[in-house]
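Peer 1: Once you've had a glance at the structure underneath, I'll fire off some questions.
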Amino acid sequence: MLIKEAKAQNSKTIIDVKGVKIGSGKPIVIAGPCAVESEEQVFNAAKNLKNIGADILRGGCYKPRTSPYSFQGLEDQGIKFLFDAGKKYSIPVISEVITLEQLEFAYDYLDIIQIGSRNMYNYPLLKELGKFDKPVLLKRAFSATYEEWLLAAEYIINSGNEEVILCERGIRTFEVGTRNTLDITAVPYIKSKSNLPIIIDPSHASGLSEFVEPLSLSAIAVGADGLMIESHPNPKEALCDGRQSLNFDEFERLFNKVKKLSTVLEQL
Ligand code: PEP
Ligand code: MN
């Protein structure tokens, strides 16, 4: 069904990932390192983040880095480590794929397939995703309008997969003080036009760990269906995006505030 038609029928898409319901009205939290760096690191993250209460574990394995000289990810081996960590600590897992070959390999190991900003316009890949039956997290491209983003989602939906979660991760503006500019208006706008869940990634939006908490709280206040937060056992040593990553204590503080705020909002 087209997004417009689904919206007109008032049908809400609630996506159930091993019992975690995305879009149900209660915000969910995805957390984990930018990149899977080793078996030990991702097991450590799974154990601690699950303990704190995270719903889903993230960890990039095929990293679309700006520089070809930066760490490119553990690729297939990383996907296996992420899967094992998720299994051991009973937490669903999400990771990004960039190519169809990667999708075919990673499909069995992942609970949600992530399509990153750089691939939102990769229409052949989006069409292929529609043939798979796992939920897709579709990040907004840095320069995509709401309409382009919703049409990208429709590529997946039209090919047969209606389980699409949108993720606002900051857009590129004239401002260079932060990595990107979080477009908080995306939440009410997308909700006014579509039936799809929308979550916020304050880590890539700001690029600065000290801004992740205030942006997370604003995302919850504006009605986002969840958050995606980068958290690493030791952000200073991270091979990717350490500057925007929270350590587990910082993540726990943020998580507890998010829970408190959503309880207050439910009572309004
Ligand atoms: C990510 O979440 O790992 C990532 C690369 O983000 P984005 O596609 O938003 O840049
Ligand atoms: Mn990252």
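All residue names refer to the structure tokens as shown: chains lettered A, B, ... in order, residues numbered from 1 in each chain, ligands numbered from 1 in order.
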All residues within 12 Å of ligand 2 are required, counting only C-alpha atoms and all ligand atoms; please report them as a ChimeraX atom specification.
Peer 2: /A:31-36,58-66,71-73,95-96,116-117,169,179,201-209,228-232,235,238-246
Peer 1: For N, CA and C atoms, I'd like the residues from the last selection saved as a short mmCIF file (atom, residue, chain, number, x, y, z; two decimals), in the first residue's frame.
Peer 2:
```cif
data_model
loop_
_atom_site.label_atom_id
_atom_site.label_comp_id
_atom_site.auth_asym_id
_atom_site.auth_seq_id
_atom_site.Cartn_x
_atom_site.Cartn_y
_atom_site.Cartn_z
N ALA A 31 21.32 0.96 20.65
CA ALA A 31 22.61 1.49 21.10
C ALA A 31 23.72 0.51 20.72
N GLY A 32 24.92 1.06 20.61
CA GLY A 32 26.07 0.21 20.30
C GLY A 32 27.15 1.03 19.64
N PRO A 33 28.29 0.39 19.41
CA PRO A 33 29.41 1.13 18.82
C PRO A 33 29.14 1.49 17.37
N CYS A 34 29.83 2.52 16.91
CA CYS A 34 29.74 2.87 15.49
C CYS A 34 30.13 1.62 14.69
N ALA A 35 31.28 1.06 15.05
CA ALA A 35 31.78 -0.11 14.32
C ALA A 35 32.07 -1.27 15.26
N VAL A 36 31.79 -2.48 14.79
CA VAL A 36 32.26 -3.68 15.49
C VAL A 36 33.78 -3.72 15.26
N ARG A 58 23.40 -2.08 18.02
CA ARG A 58 23.92 -1.71 16.71
C ARG A 58 25.42 -1.96 16.64
N GLY A 59 25.95 -2.09 15.43
CA GLY A 59 27.39 -2.23 15.25
C GLY A 59 27.67 -2.31 13.75
N GLY A 60 28.37 -1.30 13.24
CA GLY A 60 28.64 -1.27 11.81
C GLY A 60 29.76 -2.23 11.44
N CYS A 61 29.62 -2.91 10.32
CA CYS A 61 30.64 -3.88 9.88
C CYS A 61 31.17 -3.56 8.49
N TYR A 62 30.31 -3.02 7.65
CA TYR A 62 30.74 -2.55 6.32
C TYR A 62 30.64 -1.04 6.43
N LYS A 63 31.74 -0.40 6.76
CA LYS A 63 31.68 1.02 7.10
C LYS A 63 31.87 1.91 5.88
N PRO A 64 30.91 2.77 5.61
CA PRO A 64 31.06 3.68 4.48
C PRO A 64 31.84 4.92 4.91
N ARG A 65 33.16 4.81 5.05
CA ARG A 65 33.96 5.92 5.59
C ARG A 65 34.25 6.97 4.52
N THR A 66 34.30 8.21 4.97
CA THR A 66 34.58 9.31 4.04
C THR A 66 35.98 9.13 3.44
N PHE A 71 39.54 3.12 9.00
CA PHE A 71 39.10 1.75 9.28
C PHE A 71 37.80 1.45 8.52
N GLN A 72 37.80 0.38 7.76
CA GLN A 72 36.66 0.09 6.87
C GLN A 72 35.67 -0.92 7.46
N GLY A 73 35.97 -1.42 8.67
CA GLY A 73 35.04 -2.38 9.28
C GLY A 73 35.53 -3.80 9.14
N SER A 95 22.59 -3.79 11.59
CA SER A 95 23.84 -3.35 10.98
C SER A 95 23.56 -2.88 9.56
N GLU A 96 24.46 -2.03 9.08
CA GLU A 96 24.27 -1.46 7.74
C GLU A 96 24.86 -2.36 6.66
N GLY A 116 22.19 3.20 5.14
CA GLY A 116 22.76 4.45 5.63
C GLY A 116 22.43 5.62 4.71
N SER A 117 22.73 6.80 5.24
CA SER A 117 22.48 8.05 4.52
C SER A 117 23.00 8.04 3.10
N ARG A 169 19.02 11.66 10.89
CA ARG A 169 20.39 11.62 11.44
C ARG A 169 21.14 12.93 11.20
N ARG A 179 28.43 18.37 13.49
CA ARG A 179 28.70 17.55 12.29
C ARG A 179 27.59 17.73 11.24
N ASP A 201 18.71 9.82 15.35
CA ASP A 201 20.10 9.47 15.66
C ASP A 201 20.83 10.77 16.02
N PRO A 202 20.91 11.08 17.33
CA PRO A 202 21.54 12.33 17.74
C PRO A 202 23.07 12.26 17.67
N SER A 203 23.62 11.06 17.54
CA SER A 203 25.08 10.90 17.52
C SER A 203 25.64 11.44 16.20
N HIS A 204 25.11 10.95 15.07
CA HIS A 204 25.59 11.46 13.78
C HIS A 204 25.09 12.87 13.52
N ALA A 205 23.95 13.22 14.12
CA ALA A 205 23.41 14.57 13.90
C ALA A 205 24.35 15.63 14.48
N SER A 206 24.89 15.37 15.69
CA SER A 206 25.71 16.41 16.34
C SER A 206 27.20 16.16 16.18
N GLY A 207 27.59 14.90 16.19
CA GLY A 207 29.02 14.58 16.13
C GLY A 207 29.75 14.82 17.44
N LEU A 208 29.02 15.22 18.49
CA LEU A 208 29.66 15.58 19.76
C LEU A 208 28.92 14.90 20.90
N SER A 209 29.66 14.10 21.68
CA SER A 209 29.01 13.29 22.71
C SER A 209 28.22 14.13 23.72
N MET A 228 18.71 6.17 18.14
CA MET A 228 19.86 5.32 17.85
C MET A 228 21.09 6.06 18.38
N ILE A 229 21.76 5.46 19.36
CA ILE A 229 22.84 6.13 20.07
C ILE A 229 24.14 5.34 19.92
N GLU A 230 25.23 6.03 19.59
CA GLU A 230 26.51 5.34 19.55
C GLU A 230 27.12 5.30 20.95
N SER A 231 27.46 4.08 21.38
CA SER A 231 28.05 3.90 22.70
C SER A 231 29.15 2.85 22.60
N HIS A 232 30.27 3.16 23.24
CA HIS A 232 31.50 2.35 23.05
C HIS A 232 32.12 2.12 24.42
N PRO A 235 35.31 5.31 24.36
CA PRO A 235 35.20 6.16 23.17
C PRO A 235 36.53 6.74 22.68
N ALA A 238 38.06 4.43 20.26
CA ALA A 238 37.20 3.92 19.18
C ALA A 238 37.87 4.10 17.81
N LEU A 239 37.67 3.13 16.94
CA LEU A 239 38.25 3.21 15.60
C LEU A 239 37.39 4.06 14.67
N CYS A 240 36.22 4.43 15.17
CA CYS A 240 35.29 5.17 14.31
C CYS A 240 34.34 5.98 15.18
N ASP A 241 34.22 7.27 14.92
CA ASP A 241 33.23 8.13 15.58
C ASP A 241 33.32 8.17 17.11
N GLY A 242 34.54 8.09 17.65
CA GLY A 242 34.72 8.14 19.11
C GLY A 242 34.23 9.46 19.71
N ARG A 243 34.42 10.55 18.99
CA ARG A 243 34.08 11.87 19.53
C ARG A 243 32.59 12.03 19.82
N GLN A 244 31.76 11.25 19.13
CA GLN A 244 30.32 11.36 19.35
C GLN A 244 29.76 10.20 20.17
N SER A 245 30.66 9.29 20.61
CA SER A 245 30.19 8.09 21.30
C SER A 245 30.16 8.28 22.81
N LEU A 246 29.17 7.69 23.46
CA LEU A 246 29.04 7.75 24.92
C LEU A 246 29.69 6.52 25.53
#
```
Peer 1: As a count of residues only, which residues of range 120-225 of chain A does DSSP assign to alpha helix (DSSP H)?
Peer 2: 47
Peer 1: Looking at A:Gly86, A:Gly170, A:Gly25, A:Pro68, which one is nearest to ligand 1, with distances taken over only C-alpha atoms and all ligand atoms?
Peer 2: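 Using only C-alpha atoms and all ligand atoms, the shortest distance to ligand 1 belongs to A:Gly170.
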Peer 1: Would you mind telling me which residue in A:Thr145, A:Asn180, A:Ser24, A:Asn158 lies nearest to ligand 1 when using only C-alpha atoms and all ligand atoms?
Peer 2: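 Among A:Thr145, A:Asn180, A:Ser24, A:Asn158, it is A:Asn180 that comes nearest to ligand 1.
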Peer 1: Tell me which of A:Leu268, A:Ile94, A:Leu261, A:Ala186 sits closest to ligand 1, counting only C-alpha atoms and all ligand atoms.
Peer 2: A:Ile94
Peer 1: Give me, please, the distance in Å between CA of Lys193 in chain A and CA of Ser143 in chain A, quoted to one decimal.
Peer 2: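 These two atoms are separated by 19.1 Å.
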Peer 1: Show which residues sit within 10 Å of Phe43 in chain A, as a ChimeraX atom specification. Count only C-alpha atoms, and ignore same-chain residues fewer than 6 positions away.
Peer 2: /A:36,49,81-86,88-89
Peer 1: Taking the DSSP assignment computed from this structure's backbone, write out as a PyMOL selection string all residues of range 12-251 of chain A that belong to strand (DSSP E or B).
Peer 2: chain A and resi 15-17+20-22+28-32+35+56-58+60+93-96+112-115+136-139+164-168+171+181+198-200+226-231+246
Peer 1: Skip Leu103 in chain A itself and residues of its chain fewer than 6 positions away, then list as an MDAnalysis selection string all residues within 10 Å of it, counting only C-alpha atoms.
Peer 2: chainID A and resid 96:97 110 113:114 125 128:129 132
Peer 1: What's the 7 Å shell around range 217-219 of chain A, counting only C-alpha atoms, without same-chain residues fewer than 4 positions away, as a VMD selection string?
Peer 2: chain A and resid 184 200 213 223 to 224 258
Peer 1: Give me, please, the distance in Å between CA of Ile199 in chain A and CA of Val42 in chain A, quoted to one decimal.
Peer 2: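 Rounded to one decimal, the two atoms are 22.8 Å apart.
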Peer 1: Report, in Å to a single decimal, how far apart CA of Leu57 in chain A and CA of Ser194 in chain A are.
Peer 2: 26.2 Å
Peer 1: Pick out the residues sitting within 12 Å of Lys257 in chain A, and hand them over as a ChimeraX atom specification; count only C-alpha atoms, and ignore anything fewer than 3 positions along from it in its own chain.
Peer 2: /A:213-218,220-221,250-254,260-264
Peer 1: Store the residues of this selection in a file with N, CA, C and O atoms, as a PDB file, in the first residue's frame.
Peer 2:
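Final file, part.pdb:
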```pdb
ATOM      1  N   GLU A 213      22.781  13.758  24.757  1.00  0.00           N
ATOM      2  CA  GLU A 213      21.673  13.698  25.723  1.00  0.00           C
ATOM      3  C   GLU A 213      20.603  14.770  25.466  1.00  0.00           C
ATOM      4  O   GLU A 213      19.423  14.441  25.347  1.00  0.00           O
ATOM      5  N   PRO A 214      20.981  16.066  25.377  1.00  0.00           N
ATOM      6  CA  PRO A 214      19.913  17.045  25.127  1.00  0.00           C
ATOM      7  C   PRO A 214      19.147  16.779  23.831  1.00  0.00           C
ATOM      8  O   PRO A 214      17.921  16.935  23.792  1.00  0.00           O
ATOM      9  N   LEU A 215      19.840  16.344  22.797  1.00  0.00           N
ATOM     10  CA  LEU A 215      19.124  16.076  21.540  1.00  0.00           C
ATOM     11  C   LEU A 215      18.217  14.853  21.682  1.00  0.00           C
ATOM     12  O   LEU A 215      17.121  14.811  21.114  1.00  0.00           O
ATOM     13  N   SER A 216      18.663  13.874  22.460  1.00  0.00           N
ATOM     14  CA  SER A 216      17.819  12.682  22.672  1.00  0.00           C
ATOM     15  C   SER A 216      16.535  13.071  23.380  1.00  0.00           C
ATOM     16  O   SER A 216      15.443  12.615  23.029  1.00  0.00           O
ATOM     17  N   LEU A 217      16.664  13.926  24.402  1.00  0.00           N
ATOM     18  CA  LEU A 217      15.471  14.315  25.161  1.00  0.00           C
ATOM     19  C   LEU A 217      14.519  15.121  24.273  1.00  0.00           C
ATOM     20  O   LEU A 217      13.300  14.950  24.341  1.00  0.00           O
ATOM     21  N   SER A 218      15.087  15.953  23.407  1.00  0.00           N
ATOM     22  CA  SER A 218      14.208  16.733  22.528  1.00  0.00           C
ATOM     23  C   SER A 218      13.513  15.797  21.538  1.00  0.00           C
ATOM     24  O   SER A 218      12.352  16.001  21.196  1.00  0.00           O
ATOM     25  N   ILE A 220      12.575  12.725  22.078  1.00  0.00           N
ATOM     26  CA  ILE A 220      11.486  12.045  22.785  1.00  0.00           C
ATOM     27  C   ILE A 220      10.322  13.022  22.977  1.00  0.00           C
ATOM     28  O   ILE A 220       9.157  12.684  22.757  1.00  0.00           O
ATOM     29  N   ALA A 221      10.664  14.275  23.342  1.00  0.00           N
ATOM     30  CA  ALA A 221       9.616  15.270  23.584  1.00  0.00           C
ATOM     31  C   ALA A 221       8.814  15.553  22.312  1.00  0.00           C
ATOM     32  O   ALA A 221       7.614  15.813  22.383  1.00  0.00           O
ATOM     33  N   GLU A 250      27.722   7.187  30.719  1.00  0.00           N
ATOM     34  CA  GLU A 250      26.990   8.294  30.073  1.00  0.00           C
ATOM     35  C   GLU A 250      25.712   7.777  29.412  1.00  0.00           C
ATOM     36  O   GLU A 250      24.655   8.413  29.489  1.00  0.00           O
ATOM     37  N   PHE A 251      25.822   6.610  28.806  1.00  0.00           N
ATOM     38  CA  PHE A 251      24.625   6.044  28.167  1.00  0.00           C
ATOM     39  C   PHE A 251      23.557   5.739  29.217  1.00  0.00           C
ATOM     40  O   PHE A 251      22.371   6.003  29.009  1.00  0.00           O
ATOM     41  N   GLU A 252      23.983   5.218  30.349  1.00  0.00           N
ATOM     42  CA  GLU A 252      23.007   4.869  31.391  1.00  0.00           C
ATOM     43  C   GLU A 252      22.276   6.111  31.904  1.00  0.00           C
ATOM     44  O   GLU A 252      21.062   6.103  32.089  1.00  0.00           O
ATOM     45  N   ARG A 253      23.039   7.195  32.100  1.00  0.00           N
ATOM     46  CA  ARG A 253      22.403   8.457  32.558  1.00  0.00           C
ATOM     47  C   ARG A 253      21.374   8.927  31.538  1.00  0.00           C
ATOM     48  O   ARG A 253      20.251   9.286  31.877  1.00  0.00           O
ATOM     49  N   LEU A 254      21.773   8.902  30.282  1.00  0.00           N
ATOM     50  CA  LEU A 254      20.849   9.326  29.210  1.00  0.00           C
ATOM     51  C   LEU A 254      19.623   8.419  29.185  1.00  0.00           C
ATOM     52  O   LEU A 254      18.480   8.882  29.138  1.00  0.00           O
ATOM     53  N   LYS A 260      12.390   8.403  32.078  1.00  0.00           N
ATOM     54  CA  LYS A 260      11.604   9.295  32.947  1.00  0.00           C
ATOM     55  C   LYS A 260      10.780  10.257  32.102  1.00  0.00           C
ATOM     56  O   LYS A 260       9.604  10.486  32.373  1.00  0.00           O
ATOM     57  N   LEU A 261      11.417  10.822  31.087  1.00  0.00           N
ATOM     58  CA  LEU A 261      10.703  11.790  30.253  1.00  0.00           C
ATOM     59  C   LEU A 261       9.538  11.114  29.532  1.00  0.00           C
ATOM     60  O   LEU A 261       8.446  11.669  29.461  1.00  0.00           O
ATOM     61  N   SER A 262       9.746   9.911  29.026  1.00  0.00           N
ATOM     62  CA  SER A 262       8.620   9.303  28.301  1.00  0.00           C
ATOM     63  C   SER A 262       7.478   8.951  29.245  1.00  0.00           C
ATOM     64  O   SER A 262       6.313   9.024  28.854  1.00  0.00           O
ATOM     65  N   THR A 263       7.784   8.622  30.501  1.00  0.00           N
ATOM     66  CA  THR A 263       6.695   8.367  31.474  1.00  0.00           C
ATOM     67  C   THR A 263       5.914   9.655  31.725  1.00  0.00           C
ATOM     68  O   THR A 263       4.685   9.646  31.769  1.00  0.00           O
ATOM     69  N   VAL A 264       6.637  10.773  31.884  1.00  0.00           N
ATOM     70  CA  VAL A 264       5.952  12.047  32.109  1.00  0.00           C
ATOM     71  C   VAL A 264       5.076  12.388  30.907  1.00  0.00           C
ATOM     72  O   VAL A 264       3.914  12.779  31.058  1.00  0.00           O
TER      73      VAL A 264
END
```
Peer 1: Neighbours of Asn195 in chain A within 7 Å (only C-alpha atoms; same-chain residues fewer than 6 positions away dropped), as a PDB file with all heavy atoms, in the first residue's frame?
Peer 2:
```pdb
ATOM      1  N   ILE A   3       2.245   4.918   0.908  1.00  0.00           N
ATOM      2  CA  ILE A   3       2.305   5.572   2.220  1.00  0.00           C
ATOM      3  C   ILE A   3       1.089   6.479   2.394  1.00  0.00           C
ATOM      4  O   ILE A   3       0.453   6.486   3.445  1.00  0.00           O
ATOM      5  CB  ILE A   3       3.623   6.360   2.358  1.00  0.00           C
ATOM      6  CG1 ILE A   3       4.801   5.375   2.450  1.00  0.00           C
ATOM      7  CG2 ILE A   3       3.599   7.276   3.575  1.00  0.00           C
ATOM      8  CD1 ILE A   3       6.169   6.017   2.476  1.00  0.00           C
ATOM      9  N   ALA A   6      -1.999   4.443   3.149  1.00  0.00           N
ATOM     10  CA  ALA A   6      -1.932   3.879   4.500  1.00  0.00           C
ATOM     11  C   ALA A   6      -2.233   4.966   5.523  1.00  0.00           C
ATOM     12  O   ALA A   6      -2.946   4.754   6.502  1.00  0.00           O
ATOM     13  CB  ALA A   6      -0.558   3.281   4.747  1.00  0.00           C
ATOM     14  N   LYS A   7      -1.713   6.162   5.258  1.00  0.00           N
ATOM     15  CA  LYS A   7      -1.930   7.288   6.175  1.00  0.00           C
ATOM     16  C   LYS A   7      -3.427   7.649   6.190  1.00  0.00           C
ATOM     17  O   LYS A   7      -4.018   7.872   7.241  1.00  0.00           O
ATOM     18  CB  LYS A   7      -1.085   8.488   5.726  1.00  0.00           C
ATOM     19  CG  LYS A   7      -1.273   9.733   6.545  1.00  0.00           C
ATOM     20  CD  LYS A   7      -0.718   9.569   7.938  1.00  0.00           C
ATOM     21  CE  LYS A   7      -1.064  10.740   8.816  1.00  0.00           C
ATOM     22  NZ  LYS A   7      -0.896  10.447  10.234  1.00  0.00           N
ATOM     23  N   SER A  11      -3.826   3.631   9.307  1.00  0.00           N
ATOM     24  CA  SER A  11      -3.194   2.404   9.808  1.00  0.00           C
ATOM     25  C   SER A  11      -1.762   2.753  10.228  1.00  0.00           C
ATOM     26  O   SER A  11      -1.047   3.420   9.494  1.00  0.00           O
ATOM     27  CB  SER A  11      -3.198   1.332   8.729  1.00  0.00           C
ATOM     28  OG  SER A  11      -2.224   1.621   7.776  1.00  0.00           O
ATOM     29  N   LYS A  12      -1.385   2.334  11.407  1.00  0.00           N
ATOM     30  CA  LYS A  12      -0.077   2.661  11.941  1.00  0.00           C
ATOM     31  C   LYS A  12       0.834   1.447  11.755  1.00  0.00           C
ATOM     32  O   LYS A  12       0.405   0.323  12.002  1.00  0.00           O
ATOM     33  CB  LYS A  12      -0.263   2.925  13.448  1.00  0.00           C
ATOM     34  CG  LYS A  12       0.648   3.984  13.991  1.00  0.00           C
ATOM     35  CD  LYS A  12       0.242   4.355  15.401  1.00  0.00           C
ATOM     36  CE  LYS A  12       1.442   4.857  16.126  1.00  0.00           C
ATOM     37  NZ  LYS A  12       1.383   4.789  17.539  1.00  0.00           N
ATOM     38  N   THR A  13       2.042   1.659  11.291  1.00  0.00           N
ATOM     39  CA  THR A  13       2.947   0.519  11.142  1.00  0.00           C
ATOM     40  C   THR A  13       3.672   0.285  12.469  1.00  0.00           C
ATOM     41  O   THR A  13       4.430   1.147  12.914  1.00  0.00           O
ATOM     42  CB  THR A  13       3.979   0.796  10.022  1.00  0.00           C
ATOM     43  OG1 THR A  13       3.263   1.121   8.844  1.00  0.00           O
ATOM     44  CG2 THR A  13       4.875  -0.393   9.767  1.00  0.00           C
TER      45      THR A  13
END
```
